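Engineer: Supplied structure: protein36.txt, compact mmCIF, C-alpha atoms.
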```txt
# COMPACT_ATOMS: atom_id res chain seq x y z
CA MET A 1 12.83 -46.37 -24.58
CA VAL A 2 10.55 -43.46 -23.81
CA SER A 3 12.00 -40.62 -21.76
CA LYS A 4 9.72 -39.73 -18.93
CA ARG A 5 8.20 -36.27 -18.85
CA LEU A 6 6.42 -34.36 -16.10
CA ALA A 7 3.16 -32.52 -16.73
CA ILE A 8 2.66 -29.65 -14.31
CA THR A 9 0.65 -26.43 -14.30
CA LEU A 10 2.76 -23.27 -14.10
CA ASN A 11 0.94 -20.00 -13.37
CA GLY A 12 -2.28 -21.52 -14.70
CA LYS A 13 -0.82 -22.94 -17.93
CA PRO A 14 0.14 -26.55 -18.75
CA ARG A 15 3.85 -27.19 -18.88
CA GLU A 16 6.06 -30.22 -19.55
CA LEU A 17 9.44 -30.80 -17.93
CA PRO A 18 12.02 -33.62 -17.98
CA ALA A 19 11.61 -36.20 -15.25
CA GLY A 20 13.68 -35.33 -12.22
CA ALA A 21 13.29 -31.58 -12.61
CA THR A 22 13.27 -29.59 -9.38
CA ALA A 23 11.56 -26.34 -8.46
CA ALA A 24 14.96 -24.68 -8.70
CA ASP A 25 15.36 -25.89 -12.32
CA LEU A 26 12.02 -24.31 -13.20
CA VAL A 27 12.86 -21.02 -11.49
CA ALA A 28 16.24 -20.86 -13.25
CA GLU A 29 14.45 -20.42 -16.61
CA PHE A 30 13.07 -17.07 -15.46
CA GLU A 31 16.40 -15.47 -14.51
CA LEU A 32 14.88 -14.11 -11.31
CA THR A 33 16.69 -12.07 -8.68
CA PRO A 34 16.58 -13.53 -5.16
CA GLY A 35 14.29 -11.49 -2.94
CA ARG A 36 12.00 -10.59 -5.82
CA PHE A 37 9.94 -13.75 -6.31
CA ALA A 38 8.29 -16.56 -4.38
CA VAL A 39 7.25 -20.10 -5.33
CA GLU A 40 4.13 -21.90 -4.24
CA ILE A 41 3.36 -25.54 -5.07
CA ASN A 42 -0.13 -26.92 -4.45
CA LYS A 43 -0.88 -23.81 -2.36
CA SER A 44 2.10 -24.33 -0.04
CA ILE A 45 5.04 -21.93 -0.15
CA VAL A 46 8.38 -23.56 -0.96
CA PRO A 47 11.06 -21.59 0.88
CA ARG A 48 13.93 -20.41 -1.32
CA SER A 49 16.37 -22.64 0.58
CA GLN A 50 14.34 -25.74 -0.35
CA LEU A 51 13.77 -25.11 -4.07
CA ALA A 52 16.70 -27.31 -5.12
CA GLN A 53 15.43 -30.25 -3.08
CA ARG A 54 11.82 -30.05 -4.21
CA LEU A 55 11.32 -32.58 -7.03
CA LEU A 56 8.42 -31.71 -9.26
CA GLU A 57 5.69 -34.29 -9.84
CA THR A 58 3.04 -34.67 -12.48
CA GLY A 59 -0.06 -32.74 -11.43
CA ASP A 60 1.80 -30.13 -9.37
CA GLN A 61 0.18 -26.70 -9.45
CA VAL A 62 3.08 -24.25 -9.40
CA GLU A 63 2.81 -20.50 -8.94
CA ILE A 64 5.77 -18.15 -9.28
CA ILE A 65 4.91 -14.64 -8.18
CA GLY A 66 6.69 -11.33 -8.39
CA PHE A 67 5.81 -7.66 -8.02
CA VAL A 68 4.17 -5.17 -10.36
CA GLY A 69 2.97 -1.60 -10.05
CA GLY A 70 0.01 -1.07 -7.76
CA GLY A 71 -1.59 1.26 -5.26
CA MET B 1 10.73 16.58 9.37
CA ILE B 2 8.58 19.33 10.88
CA PRO B 3 9.98 20.65 14.22
CA GLY B 4 8.04 19.07 17.08
CA ASP B 5 6.82 16.16 14.96
CA SER B 6 7.95 12.55 15.29
CA PRO B 7 8.25 9.80 12.69
CA LEU B 8 5.17 7.77 11.87
CA ALA B 9 5.45 4.30 13.42
CA LEU B 10 3.99 1.21 11.78
CA GLY B 11 4.91 -1.63 14.09
CA PRO B 12 8.72 -1.52 14.27
CA TYR B 13 9.08 0.66 11.18
CA ARG B 14 9.53 4.44 11.24
CA PHE B 15 8.75 6.89 8.46
CA GLU B 16 9.75 10.55 8.41
CA SER B 17 7.71 11.17 5.29
CA ARG B 18 4.04 10.61 6.07
CA LEU B 19 3.23 10.24 2.40
CA PHE B 20 2.87 6.73 0.98
CA VAL B 21 2.68 6.40 -2.78
CA GLY B 22 1.72 3.70 -5.25
CA THR B 23 3.63 2.39 -8.23
CA GLY B 24 0.70 1.72 -10.59
CA LYS B 25 -0.61 3.51 -13.70
CA TYR B 26 2.62 5.32 -14.66
CA ALA B 27 3.48 5.71 -18.34
CA THR B 28 7.01 4.39 -17.77
CA HIS B 29 9.15 3.04 -14.95
CA GLU B 30 11.40 6.10 -15.31
CA GLN B 31 8.44 8.43 -14.76
CA MET B 32 7.42 6.40 -11.71
CA ARG B 33 10.87 6.64 -10.22
CA ALA B 34 11.08 10.39 -10.80
CA ALA B 35 7.64 10.90 -9.25
CA ILE B 36 8.51 8.86 -6.17
CA ASP B 37 11.72 10.86 -5.78
CA ALA B 38 9.82 14.15 -6.07
CA SER B 39 7.22 13.02 -3.52
CA GLY B 40 9.87 12.39 -0.87
CA SER B 41 8.06 9.18 0.09
CA THR B 42 10.11 6.30 1.49
CA CYS B 43 7.37 3.67 1.44
CA VAL B 44 5.69 2.52 -1.76
CA THR B 45 2.97 -0.01 -2.48
CA VAL B 46 3.43 -2.85 -4.96
CA ALA B 47 1.05 -5.55 -6.20
CA VAL B 48 1.71 -9.30 -6.12
CA ARG B 49 1.15 -11.06 -9.45
CA ARG B 50 2.17 -14.15 -11.43
CA ILE B 51 5.51 -13.71 -13.17
CA GLU B 52 4.93 -13.89 -16.92
CA LEU B 53 8.31 -13.38 -18.56
CA ALA B 54 11.95 -13.03 -17.72
CA GLY B 55 13.09 -9.45 -17.73
CA PRO B 56 13.57 -6.45 -15.50
CA SER B 57 11.36 -6.36 -12.46
CA LEU B 58 9.50 -3.28 -11.27
CA LEU B 59 11.73 -3.54 -8.22
CA ASP B 60 14.81 -2.90 -10.41
CA HIS B 61 13.48 0.64 -10.86
CA LEU B 62 13.19 1.42 -7.15
CA ASP B 63 16.03 2.45 -4.86
CA LEU B 64 15.46 -0.26 -2.29
CA THR B 65 18.29 1.04 -0.12
CA ARG B 66 16.01 3.85 1.03
CA ILE B 67 12.50 2.79 0.00
CA ARG B 68 10.53 0.21 1.95
CA LEU B 69 8.06 -1.88 0.00
CA LEU B 70 4.46 -2.21 1.10
CA PRO B 71 3.02 -5.18 -0.84
CA ASN B 72 -0.75 -5.02 -1.21
CA THR B 73 -3.46 -7.64 -1.62
CA ALA B 74 -5.21 -5.81 -4.45
CA GLY B 75 -7.32 -8.16 -6.53
CA CYS B 76 -8.28 -10.31 -3.53
CA PHE B 77 -11.97 -10.73 -2.71
CA THR B 78 -11.66 -13.26 0.12
CA ALA B 79 -9.71 -13.38 3.37
CA ALA B 80 -8.09 -16.66 2.29
CA ASP B 81 -6.70 -15.17 -0.94
CA ALA B 82 -5.44 -12.09 0.89
CA VAL B 83 -3.61 -14.14 3.51
CA ARG B 84 -2.11 -16.36 0.80
CA THR B 85 -0.91 -13.27 -1.08
CA CYS B 86 0.68 -11.77 2.04
CA ARG B 87 2.55 -14.98 2.77
CA LEU B 88 3.94 -15.09 -0.78
CA ALA B 89 5.03 -11.46 -0.51
CA ARG B 90 6.78 -12.16 2.78
CA GLU B 91 8.59 -15.19 1.35
CA ALA B 92 9.79 -13.11 -1.60
CA LEU B 93 10.82 -9.95 0.22
CA GLY B 94 11.52 -11.13 3.76
CA ASN B 95 9.21 -8.26 4.69
CA ASP B 96 6.36 -8.60 7.20
CA LEU B 97 4.75 -5.22 6.41
CA VAL B 98 1.62 -5.57 4.24
CA LYS B 99 -1.29 -3.50 3.03
CA LEU B 100 -4.41 -5.59 3.52
CA GLU B 101 -7.08 -4.80 0.94
CA VAL B 102 -10.03 -7.16 0.48
CA LEU B 103 -12.59 -5.74 -1.89
CA ALA B 104 -16.27 -6.63 -2.14
CA ASP B 105 -16.58 -6.43 -5.92
CA SER B 106 -14.72 -5.17 -8.96
CA GLU B 107 -17.27 -2.46 -9.78
CA THR B 108 -17.35 -0.31 -6.63
CA LEU B 109 -13.89 -1.44 -5.41
CA LEU B 110 -15.24 -0.88 -1.90
CA PRO B 111 -13.66 -2.90 0.93
CA ASP B 112 -15.48 -5.94 2.28
CA PRO B 113 -15.54 -5.45 6.08
CA ILE B 114 -16.25 -9.10 6.99
CA GLU B 115 -13.45 -10.56 4.88
CA THR B 116 -11.05 -7.74 5.81
CA LEU B 117 -11.52 -8.37 9.53
CA ALA B 118 -11.10 -12.12 9.16
CA ALA B 119 -7.90 -11.64 7.16
CA ALA B 120 -6.57 -9.06 9.63
CA ARG B 121 -6.97 -11.47 12.54
CA GLU B 122 -5.21 -14.29 10.69
CA LEU B 123 -2.33 -12.08 9.53
CA VAL B 124 -1.76 -10.58 12.98
CA ALA B 125 -1.70 -14.11 14.44
CA ASP B 126 0.95 -14.95 11.83
CA ASP B 127 3.13 -11.98 12.93
CA PHE B 128 2.47 -9.66 10.01
CA VAL B 129 2.54 -5.88 10.45
CA VAL B 130 -0.81 -5.05 8.90
CA ALA B 131 -2.03 -1.75 7.46
CA ALA B 132 -5.71 -2.41 6.76
CA TYR B 133 -7.71 -0.63 4.07
CA THR B 134 -11.30 0.03 5.11
CA ASN B 135 -14.32 2.20 4.45
CA ASP B 136 -14.53 5.51 6.35
CA ASP B 137 -16.35 3.69 9.12
CA PRO B 138 -15.46 4.59 12.74
CA VAL B 139 -16.91 1.30 14.03
CA MET B 140 -14.90 -0.86 11.64
CA ALA B 141 -11.76 1.12 12.46
CA LEU B 142 -12.00 0.11 16.11
CA ARG B 143 -12.74 -3.50 15.15
CA LEU B 144 -9.53 -3.57 13.11
CA GLU B 145 -7.60 -1.95 15.93
CA ASP B 146 -8.90 -4.62 18.33
CA ALA B 147 -7.73 -7.25 15.83
CA GLY B 148 -4.20 -5.91 16.28
CA VAL B 149 -3.47 -4.09 13.03
CA ALA B 150 -0.58 -1.59 12.98
CA ALA B 151 -2.58 1.04 11.08
CA VAL B 152 -6.13 1.60 9.87
CA MET B 153 -6.47 3.05 6.39
CA PRO B 154 -9.90 4.55 5.74
CA LEU B 155 -10.70 5.65 2.22
CA GLY B 156 -11.19 9.34 1.46
CA ALA B 157 -13.26 8.37 -1.60
CA PRO B 158 -13.46 5.26 -3.82
CA ILE B 159 -10.20 3.95 -5.33
CA GLY B 160 -9.08 5.93 -8.35
CA SER B 161 -11.99 8.40 -8.13
CA GLY B 162 -10.04 11.54 -7.21
CA LEU B 163 -13.09 12.87 -5.36
CA GLY B 164 -11.14 13.95 -2.28
CA ILE B 165 -12.18 13.53 1.36
CA LEU B 166 -15.90 12.87 1.05
CA ASN B 167 -16.69 12.48 4.74
CA PRO B 168 -14.26 14.56 6.79
CA ARG B 169 -16.39 14.16 9.92
CA ASN B 170 -16.01 10.39 9.83
CA ILE B 171 -12.27 10.64 9.19
CA ARG B 172 -11.92 12.99 12.16
CA LEU B 173 -14.02 10.68 14.34
CA ILE B 174 -11.94 7.66 13.32
CA LYS B 175 -8.78 9.52 14.32
CA GLN B 176 -10.22 10.77 17.62
CA ARG B 177 -11.23 7.28 18.72
CA ALA B 178 -8.31 5.21 17.43
CA SER B 179 -5.01 4.49 19.16
CA VAL B 180 -3.23 3.13 16.09
CA PRO B 181 -2.08 5.41 13.24
CA ILE B 182 -4.75 6.43 10.74
CA ILE B 183 -3.64 6.66 7.11
CA VAL B 184 -6.14 7.99 4.60
CA ASP B 185 -5.90 5.73 1.56
CA ALA B 186 -7.62 6.31 -1.78
CA GLY B 187 -9.66 9.12 -3.24
CA VAL B 188 -7.07 11.90 -3.28
CA GLY B 189 -7.38 13.90 -6.50
CA THR B 190 -5.14 16.88 -5.93
CA ALA B 191 -2.81 18.47 -3.40
CA SER B 192 -5.48 20.27 -1.35
CA ASP B 193 -7.16 16.91 -0.62
CA VAL B 194 -3.96 15.78 1.11
CA THR B 195 -3.74 19.00 3.12
CA ILE B 196 -7.39 18.71 4.19
CA ALA B 197 -6.81 15.12 5.32
CA PHE B 198 -3.82 16.08 7.48
CA GLU B 199 -5.69 19.08 8.94
CA LEU B 200 -8.16 16.54 10.35
CA GLY B 201 -5.31 15.16 12.47
CA ILE B 202 -4.67 11.90 10.66
CA ASP B 203 -1.19 10.38 10.58
CA GLY B 204 -0.52 9.67 6.93
CA VAL B 205 -1.89 9.60 3.39
CA LEU B 206 -1.46 6.89 0.76
CA LEU B 207 -2.19 7.74 -2.85
CA ASN B 208 -1.42 6.48 -6.34
CA THR B 209 -3.74 7.74 -9.07
CA GLY B 210 -3.67 11.38 -7.93
CA ILE B 211 -0.01 11.48 -8.92
CA ALA B 212 0.18 8.88 -11.69
CA LEU B 213 -2.72 10.26 -13.74
CA ALA B 214 -1.88 13.96 -13.31
CA GLN B 215 -0.93 15.67 -16.56
CA ASP B 216 2.58 15.99 -15.15
CA PRO B 217 3.02 13.29 -12.50
CA VAL B 218 6.46 14.42 -11.32
CA THR B 219 5.30 17.99 -10.64
CA MET B 220 2.14 16.70 -8.95
CA ALA B 221 4.30 14.48 -6.74
CA LEU B 222 6.16 17.61 -5.62
CA ALA B 223 2.81 19.28 -4.91
CA MET B 224 1.75 16.30 -2.80
CA LYS B 225 4.94 16.54 -0.75
CA HIS B 226 4.30 20.20 0.05
CA ALA B 227 0.62 19.44 0.68
CA TRP B 228 1.27 16.87 3.38
CA LEU B 229 3.87 19.07 5.01
CA ALA B 230 1.43 22.02 4.97
CA GLY B 231 -1.46 20.02 6.39
CA ARG B 232 0.62 18.29 9.03
CA ALA B 233 2.30 21.53 10.13
CA ALA B 234 -1.09 23.28 10.31
CA TRP B 235 -2.47 20.48 12.45
CA LEU B 236 0.55 20.56 14.79
CA ALA B 237 0.41 24.36 14.97
CA GLY B 238 -3.28 24.35 15.88
CA ARG B 239 -5.56 26.56 13.85
CA MET B 240 -7.19 29.76 15.17
CA PRO B 241 -10.81 29.55 16.26
CA ALA B 242 -13.23 30.32 13.45
CA ARG B 243 -15.39 33.44 14.07
CA GLU B 244 -18.70 34.51 12.66
CA GLN B 245 -17.71 38.18 12.50
CA ALA B 246 -14.75 40.13 11.18
CA SER B 247 -11.93 41.03 13.56
CA PRO B 248 -9.35 43.66 12.49
CA SER B 249 -5.76 42.62 12.30
CA SER B 250 -4.49 46.22 12.61
CA PRO B 251 -4.98 48.40 15.73
CA ARG B 252 -8.22 50.39 15.87
CA GLY B 253 -6.47 53.38 17.53
CA GLY B 254 -3.68 55.73 16.45
CA LEU B 255 -5.18 56.68 13.10
CA ILE B 256 -4.01 59.95 11.46
CA ALA B 257 -7.61 61.01 10.90
CA PRO B 258 -9.57 59.53 13.82
CA GLY B 259 -13.19 58.75 12.99
CA ALA B 260 -12.92 60.06 9.42
CA SER B 261 -15.32 58.50 6.95
CA PRO B 262 -14.76 58.32 3.20
```
Could you quickly redo this structure as structure tokens?

Structural biologist:
Amino acid sequence: MVSKRLAITLNGKPRELPAGATAADLVAEFELTPGRFAVEINKSIVPRSQLAQRLLETGDQVEIIGFVGGG
Amino acid sequence: MIPGDSPLALGPYRFESRLFVGTGKYATHEQMRAAIDASGSTCVTVAVRRIELAGPSLLDHLDLTRIRLLPNTAGCFTAADAVRTCRLAREALGNDLVKLEVLADSETLLPDPIETLAAARELVADDFVVAAYTNDDPVMALRLEDAGVAAVMPLGAPIGSGLGILNPRNIRLIKQRASVPIIVDAGVGTASDVTIAFELGIDGVLLNTGIALAQDPVTMALAMKHAWLAGRAAWLAGRMPAREQASPSSPRGGLIAPGASP
């Protein structure tokens, strides 16, 4: 039996995840503080309250943004 | 605050310090924090970027209990990208205040008026409080005001140039005609540039490089604080009329040797 994997793009780079992974699972890897990041999938923002419900699918274009120094 | 002055209002937000500072180009986060403290500013710009690695965020180095963040759209060259960036920033921070900056190209870093106006309209319709970066163009300033922005931010000189206020007549004209606050953004090289800007009657100054790339950024931040206070107080006080001829400050009469010549 072959375990199913997801192939997504995260911040412009290819990324594989176990089938059934949610947006919240992905975010958890980054150890991010609430209020300091946002997630966008296929150019639509996923509100923080919905990250745990959003199942990732092969082909999803995921962006996780934060803040850096700027003027 | 200067007696007789009132806080600067951007939409529902109030700022006693009229100095807005950036968080870019510092050698270390510690130096940035010390410079912001020395400047007295309570509103700082930040850029929105992809998260690369786990680790401390820039925001961990800012006292967010007293500093409001002003996320910018730096790096955006289209209205669509700028709007997308603002929406991401709002989702992250729960903050509707944004600095709209849509540049025409990466060489001049000059603002693109067409894309800026389109983005301003869309953001205002989506309930953002928009501070819009623009050229020192009195016509564009009114267009942005009509679009509903909370502040117009004309450049003093190109971003990062440190050339000062290149067209004071346009900055003054922008302020005279506008109803919304005018914040001079970009071009400040040293403290006197900030004072000159405030003496034109404008409402605020936003700068980054003038502090961050000074030899001693923390001391320059202190200079910028005194500079805005000096310029603002001078504007509120109202300067004396300039005269072509000399006018003695001491009485002409009552001299011990009247009419004596050396």

Engineer: Within 7 Å of (8.8, -37.3, -11.5), in the coordinates the file gives, what residues turn up when you count only C-alpha atoms, written out as an MDAnalysis selection string?

Structural biologist: chainID A and resid 6 19:20 55:58

Engineer: With 7 Å as the cut-off and all atoms listed in the file counted, what is the closest atom pair between each nearby residue of chain A and chain B? Distances in Å to one decimal, ordered by chain and number, as a Markdown table.

Structural biologist:
```
| residue | atom | partner | partner_atom | distance |
| --- | --- | --- | --- | --- |
| A:Asn11 | CA | B:Arg50 | CA | 6.3 |
| A:Phe30 | CA | B:Ala54 | CA | 4.8 |
| A:Glu31 | CA | B:Ala54 | CA | 6.0 |
| A:Gly35 | CA | B:Leu93 | CA | 4.9 |
| A:Arg36 | CA | B:Ala92 | CA | 5.4 |
| A:Phe37 | CA | B:Ala92 | CA | 4.8 |
| A:Ala38 | CA | B:Ala92 | CA | 4.7 |
| A:Ile45 | CA | B:Leu88 | CA | 7.0 |
| A:Pro47 | CA | B:Glu91 | CA | 6.9 |
| A:Glu63 | CA | B:Arg50 | CA | 6.9 |
| A:Ile64 | CA | B:Arg50 | CA | 5.8 |
| A:Ile65 | CA | B:Arg50 | CA | 4.3 |
| A:Gly66 | CA | B:Ile51 | CA | 5.5 |
| A:Phe67 | CA | B:Val48 | CA | 4.8 |
| A:Val68 | CA | B:Ala47 | CA | 5.2 |
| A:Gly69 | CA | B:Gly24 | CA | 4.1 |
| A:Gly70 | CA | B:Gly24 | CA | 4.0 |
| A:Gly71 | CA | B:Gly22 | CA | 4.1 |
```

Engineer: Using the selection just defined, write its residues with C-alpha atoms as an mmCIF file, keeping the file's coordinate frame.

Structural biologist:
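Output (out_19.cif):
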```
data_model
loop_
_atom_site.group_PDB
_atom_site.id
_atom_site.type_symbol
_atom_site.label_atom_id
_atom_site.label_comp_id
_atom_site.auth_asym_id
_atom_site.auth_seq_id
_atom_site.Cartn_x
_atom_site.Cartn_y
_atom_site.Cartn_z
ATOM 1 C CA ASN A 11 0.940 -20.000 -13.370
ATOM 2 C CA PHE A 30 13.070 -17.070 -15.460
ATOM 3 C CA GLU A 31 16.400 -15.470 -14.510
ATOM 4 C CA GLY A 35 14.290 -11.490 -2.940
ATOM 5 C CA ARG A 36 12.000 -10.590 -5.820
ATOM 6 C CA PHE A 37 9.940 -13.750 -6.310
ATOM 7 C CA ALA A 38 8.290 -16.560 -4.380
ATOM 8 C CA ILE A 45 5.040 -21.930 -0.150
ATOM 9 C CA PRO A 47 11.060 -21.590 0.880
ATOM 10 C CA GLU A 63 2.810 -20.500 -8.940
ATOM 11 C CA ILE A 64 5.770 -18.150 -9.280
ATOM 12 C CA ILE A 65 4.910 -14.640 -8.180
ATOM 13 C CA GLY A 66 6.690 -11.330 -8.390
ATOM 14 C CA PHE A 67 5.810 -7.660 -8.020
ATOM 15 C CA VAL A 68 4.170 -5.170 -10.360
ATOM 16 C CA GLY A 69 2.970 -1.600 -10.050
ATOM 17 C CA GLY A 70 0.010 -1.070 -7.760
ATOM 18 C CA GLY A 71 -1.590 1.260 -5.260
#
```

Engineer: Just give me the gap between atom CA of Asp37 of chain B and atom CA of Ala221 of chain B in Å, one decimal is fine.

Structural biologist: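 Result for atom CA of Asp37 of chain B versus atom CA of Ala221 of chain B: 8.3 Å, one decimal.
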
Engineer: Around (-17.0, 3.1, 16.6) in the file's own coordinates, what residues are found within 12 Å if you use only C-alpha atoms, given back as JSON, numbers by chain?

Structural biologist: {"B": [136, 137, 138, 139, 140, 141, 142, 143, 144, 145, 146, 170, 171, 172, 173, 174, 175, 176, 177, 178]}

Engineer: Next, dump the selected residues to file, keeping only C-alpha atoms, as a PDB file, in the coordinates of the input.

Structural biologist:
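The result, stored in selection-v8.pdb:
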```
ATOM      1  CA  ASP B 136     -14.530   5.510   6.350  1.00  0.00           C
ATOM      2  CA  ASP B 137     -16.350   3.690   9.120  1.00  0.00           C
ATOM      3  CA  PRO B 138     -15.460   4.590  12.740  1.00  0.00           C
ATOM      4  CA  VAL B 139     -16.910   1.300  14.030  1.00  0.00           C
ATOM      5  CA  MET B 140     -14.900  -0.860  11.640  1.00  0.00           C
ATOM      6  CA  ALA B 141     -11.760   1.120  12.460  1.00  0.00           C
ATOM      7  CA  LEU B 142     -12.000   0.110  16.110  1.00  0.00           C
ATOM      8  CA  ARG B 143     -12.740  -3.500  15.150  1.00  0.00           C
ATOM      9  CA  LEU B 144      -9.530  -3.570  13.110  1.00  0.00           C
ATOM     10  CA  GLU B 145      -7.600  -1.950  15.930  1.00  0.00           C
ATOM     11  CA  ASP B 146      -8.900  -4.620  18.330  1.00  0.00           C
ATOM     12  CA  ASN B 170     -16.010  10.390   9.830  1.00  0.00           C
ATOM     13  CA  ILE B 171     -12.270  10.640   9.190  1.00  0.00           C
ATOM     14  CA  ARG B 172     -11.920  12.990  12.160  1.00  0.00           C
ATOM     15  CA  LEU B 173     -14.020  10.680  14.340  1.00  0.00           C
ATOM     16  CA  ILE B 174     -11.940   7.660  13.320  1.00  0.00           C
ATOM     17  CA  LYS B 175      -8.780   9.520  14.320  1.00  0.00           C
ATOM     18  CA  GLN B 176     -10.220  10.770  17.620  1.00  0.00           C
ATOM     19  CA  ARG B 177     -11.230   7.280  18.720  1.00  0.00           C
ATOM     20  CA  ALA B 178      -8.310   5.210  17.430  1.00  0.00           C
TER      21      ALA B 178
END
```

Engineer: What lies within 9 Å of Ala35 of chain B using all atoms listed in the file, ignoring chain neighbours under 2 positions off, as a count of residues only?

Structural biologist: 16

Engineer: I'd like the box whose edges run along x, y and z of the file and which contains every listed atom of segment 42-53 of chain A, padded by 5 Å per side; could you state its centre and edge lengths in Å, one decimal, as lines of an AutoDock Vina configuration file?

Structural biologist:
```
center_x = 7.9
center_y = -25.3
center_z = -2.1
size_x = 27.6
size_y = 19.8
size_z = 16.0
```

Engineer: Gln53 of chain A: which residues within 9 Å, counting all atoms listed in the file, same-chain residues fewer than 3 positions away excluded, as a ChimeraX atom specification?

Structural biologist: /A:22-24,49-50

Engineer: Tell me which protein, DNA and RNA residues are within 7 Å of Ala150 of chain B, counting only C-alpha atoms, leaving out same-chain ones fewer than 5 positions away, and put them as a count of residues only.

Structural biologist: 6

Engineer: Rounded to one decimal in Å, what is the spacing between atom CA of Gly59 of chain A and atom CA of Lys13 of chain A?

Structural biologist: 11.8 Å

Engineer: Where atoms are absent from segment 49-63 of chain A, fill them in so it carries N, CA, C and O atoms, then output it as a PDB file, in the coordinates of the input.

Structural biologist:
```pdb
ATOM      1  N   SER A  49      15.306 -21.707   0.224  1.00  0.00           N
ATOM      2  CA  SER A  49      16.370 -22.640   0.580  1.00  0.00           C
ATOM      3  C   SER A  49      16.027 -24.086   0.215  1.00  0.00           C
ATOM      4  O   SER A  49      16.910 -24.943   0.174  1.00  0.00           O
ATOM      5  N   GLN A  50      14.740 -24.352  -0.061  1.00  0.00           N
ATOM      6  CA  GLN A  50      14.340 -25.740  -0.350  1.00  0.00           C
ATOM      7  C   GLN A  50      14.003 -25.986  -1.813  1.00  0.00           C
ATOM      8  O   GLN A  50      13.581 -27.089  -2.176  1.00  0.00           O
ATOM      9  N   LEU A  51      14.161 -24.967  -2.660  1.00  0.00           N
ATOM     10  CA  LEU A  51      13.770 -25.110  -4.070  1.00  0.00           C
ATOM     11  C   LEU A  51      14.559 -26.225  -4.759  1.00  0.00           C
ATOM     12  O   LEU A  51      14.026 -26.973  -5.568  1.00  0.00           O
ATOM     13  N   ALA A  52      15.848 -26.331  -4.439  1.00  0.00           N
ATOM     14  CA  ALA A  52      16.700 -27.310  -5.120  1.00  0.00           C
ATOM     15  C   ALA A  52      16.378 -28.746  -4.710  1.00  0.00           C
ATOM     16  O   ALA A  52      16.662 -29.689  -5.450  1.00  0.00           O
ATOM     17  N   GLN A  53      15.771 -28.901  -3.543  1.00  0.00           N
ATOM     18  CA  GLN A  53      15.430 -30.250  -3.080  1.00  0.00           C
ATOM     19  C   GLN A  53      14.032 -30.685  -3.520  1.00  0.00           C
ATOM     20  O   GLN A  53      13.692 -31.862  -3.458  1.00  0.00           O
ATOM     21  N   ARG A  54      13.218 -29.716  -3.931  1.00  0.00           N
ATOM     22  CA  ARG A  54      11.820 -30.050  -4.210  1.00  0.00           C
ATOM     23  C   ARG A  54      11.680 -30.597  -5.628  1.00  0.00           C
ATOM     24  O   ARG A  54      11.706 -29.864  -6.607  1.00  0.00           O
ATOM     25  N   LEU A  55      11.543 -31.935  -5.730  1.00  0.00           N
ATOM     26  CA  LEU A  55      11.320 -32.580  -7.030  1.00  0.00           C
ATOM     27  C   LEU A  55       9.884 -32.304  -7.480  1.00  0.00           C
ATOM     28  O   LEU A  55       8.948 -32.402  -6.686  1.00  0.00           O
ATOM     29  N   LEU A  56       9.757 -31.954  -8.741  1.00  0.00           N
ATOM     30  CA  LEU A  56       8.420 -31.710  -9.260  1.00  0.00           C
ATOM     31  C   LEU A  56       7.765 -33.030  -9.648  1.00  0.00           C
ATOM     32  O   LEU A  56       8.458 -33.979 -10.053  1.00  0.00           O
ATOM     33  N   GLU A  57       6.443 -33.083  -9.512  1.00  0.00           N
ATOM     34  CA  GLU A  57       5.690 -34.290  -9.840  1.00  0.00           C
ATOM     35  C   GLU A  57       4.547 -33.933 -10.762  1.00  0.00           C
ATOM     36  O   GLU A  57       4.026 -32.818 -10.711  1.00  0.00           O
ATOM     37  N   THR A  58       4.183 -34.897 -11.586  1.00  0.00           N
ATOM     38  CA  THR A  58       3.040 -34.670 -12.480  1.00  0.00           C
ATOM     39  C   THR A  58       1.818 -34.274 -11.661  1.00  0.00           C
ATOM     40  O   THR A  58       1.538 -34.882 -10.625  1.00  0.00           O
ATOM     41  N   GLY A  59       1.135 -33.223 -12.138  1.00  0.00           N
ATOM     42  CA  GLY A  59      -0.060 -32.740 -11.430  1.00  0.00           C
ATOM     43  C   GLY A  59       0.218 -31.572 -10.504  1.00  0.00           C
ATOM     44  O   GLY A  59      -0.724 -30.950 -10.008  1.00  0.00           O
ATOM     45  N   ASP A  60       1.490 -31.256 -10.257  1.00  0.00           N
ATOM     46  CA  ASP A  60       1.800 -30.130  -9.370  1.00  0.00           C
ATOM     47  C   ASP A  60       1.248 -28.817  -9.952  1.00  0.00           C
ATOM     48  O   ASP A  60       1.383 -28.555 -11.150  1.00  0.00           O
ATOM     49  N   GLN A  61       0.657 -28.046  -9.084  1.00  0.00           N
ATOM     50  CA  GLN A  61       0.180 -26.700  -9.450  1.00  0.00           C
ATOM     51  C   GLN A  61       1.205 -25.702  -8.911  1.00  0.00           C
ATOM     52  O   GLN A  61       1.293 -25.503  -7.702  1.00  0.00           O
ATOM     53  N   VAL A  62       1.980 -25.121  -9.819  1.00  0.00           N
ATOM     54  CA  VAL A  62       3.080 -24.250  -9.400  1.00  0.00           C
ATOM     55  C   VAL A  62       2.740 -22.783  -9.705  1.00  0.00           C
ATOM     56  O   VAL A  62       2.258 -22.478 -10.807  1.00  0.00           O
ATOM     57  N   GLU A  63       2.957 -21.946  -8.740  1.00  0.00           N
ATOM     58  CA  GLU A  63       2.810 -20.500  -8.940  1.00  0.00           C
ATOM     59  C   GLU A  63       4.155 -19.845  -8.648  1.00  0.00           C
ATOM     60  O   GLU A  63       4.771 -20.127  -7.612  1.00  0.00           O
TER      61      GLU A  63
END
```
